[in-house]
Amino acid sequence: MNEEQQDEKSLYYFENAPIPKAIMYMAVPMMIGMSINMLYNIIDAYFIGRLHNTAMMSAVTLALPVSTILMALGNVFGTGGGTYISRLMGEKNLDNAKIVSSVTFYFSMLAGIIFMFLAIPTIEPLVGLLGAKGETFIYTKQYVMIFLIGGPFVIANFALEQVVRAEGASTVSMNGMFISVIVNTILDPIFIFVCHLGVSGAAIGTIIGNMCAVLYYFYYLEKKSAFLSLSIKKCKPTGEILNNIFKIGISAFFLDSFLIVSCLLLNNFSAYYGDFAVAGFGISQRVVQLSEFVGMGLGMGVVPLIAYGYTAKNIHRMKQVINTTAVYMGIVIFTFSFLLFIFRAQIVQLFSTDAHVIKTGSYILTAMLISSLFAGFSGLFINIFQGVGREKESVIMSVAQGIILIPVMILGNYIFGLHGVIWSMTVAEILTFIIGLVLWIHFNQDDSMKVMTGNIFQYTKTKKQVQ
């Protein structure tokens, strides 16, 4: 397929393809990729679990906020740059799209390098903040150190995955995720069992997997991309470009930052009840990701369609994409959650043989599966606002999720103990969903939306009269 044919294929799904077909083309690879990508943490937990060392299992759980920080930094550039690229394509401004893709990559790498040099000197206080104590402290420090050193590649991986998807290359995005997970799956048992590196081996396998994905995305964007480039010569940041990247990217950062805060609270509250609670939460968080990431993949997959339709002033098509996606999301998340609920005890047993961990983990997983449905729709609202460039609404949604969870979790722990901590996430997700619904209704009543929609209908009416 030559470059012109690739251009036509990509634009076909943005402009002319039937809505279900366009959604499937953009979202299914993303859903598969996200589902495979969530295996990162499950793979680490599974192989570490074979060592039958609860302290090591707890360390992998306690280190999750660090990987979330790296994801947050990657999403600043990936979400901000990716949605901006799709909007530029809707405006047919392809020259600037190349510049934005290059700026996104090099700035994401720079952010990783800066974070690495800032975090390594403070690693011991950082690990203490994560809630690690005693023997767990040593293992957590080993795991976190590897992640800090490989941070630039983790951040760039998250950023580039969204950049390639922004131009409609959803299959390429999925392939990169496949590559990283496959490499990690091969290397984990080698480093953990053969080289006897324990949690450090799990972290090394993850970092190398991210590096391979970055190399793959770099090759595609430089050699195969229809619209984008990573040439250093194209890296010409301007105030307008950086403003458009950061105004939406910051909402993704707030969302991920509050996830970090909630993880820290969860780690410290669960640590109060013992290692069995920490392990139970860690296992449940990883398992429920299968349901959540499928929903996230669907919502994130259609963002380029939403952004393109909005800037191309095809509001009718944009709303069709949103409504159809919402129906699909409800069906998909409910199905996955129901299946995971039925086999919850057996699934937890894959990660631990401790009876207390299995019982607690099964209970926690039930609460998390209920919250995953509301989390999926809250995520869709955020994706919509990011796609159309509405930074105010996307920031409100991102901040609300964290602001609500913190007091609910503290109050739940105070009144109901461990039960309150477990169900606090479900309560917070329901309240966040309600806020998103209100913002979505307000967005549809916005004067600019009415004008744009009216123009579409008027154009259609005039066209029919001419015919």
# chains A, B, ... in the order shown; residues from 1 in each chain; ligands from 1
$ residues_around --residues "Lys133 (chain A)" --least-positions-apart "5" --cutoff "10 Å" --atoms "only C-alpha atoms" --output "VMD selection string"
chain A and resid 55 59 127 to 128 138 to 140 271
$ closest_atom_pairs --of "region 280-320 of chain A" --to "region 385-398 of chain A" --cutoff "6 Å" --atoms "only C-alpha atoms" --output "CSV"
residue,atom,partner,partner_atom,distance
A:Val303,CA,A:Gly387,CA,5.4
A:Ile306,CA,A:Gly387,CA,5.8
A:Ala307,CA,A:Gly387,CA,4.5
$ closest_residue --among "A:Gly330, A:Met30, A:Phe218, A:Gly420" --to "Thr171 (chain A)" --atoms "only C-alpha atoms"
A:Met30
$ closest_residue --among "A:Ile410, A:Thr61, A:Gly376, A:Leu418" --to "Thr432 (chain A)" --atoms "only C-alpha atoms"
A:Gly376
$ closest_residue --among "A:Leu160, A:Phe374, A:Ile190, A:Leu242" --to "Tyr219 (chain A)" --atoms "only C-alpha atoms"
A:Leu160
$ residues_around --residues "Ile204 (chain A)" --least-positions-apart "3" --cutoff "9 Å" --atoms "only C-alpha atoms" --output "ChimeraX atom specification"
/A:143,146-147,150,184,187-188,191,199-201,207-209
$ closest_residue --among "A:Cys195, A:Met296, A:Ile415, A:Leu305" --to "Leu373 (chain A)" --atoms "only C-alpha atoms"
A:Met296
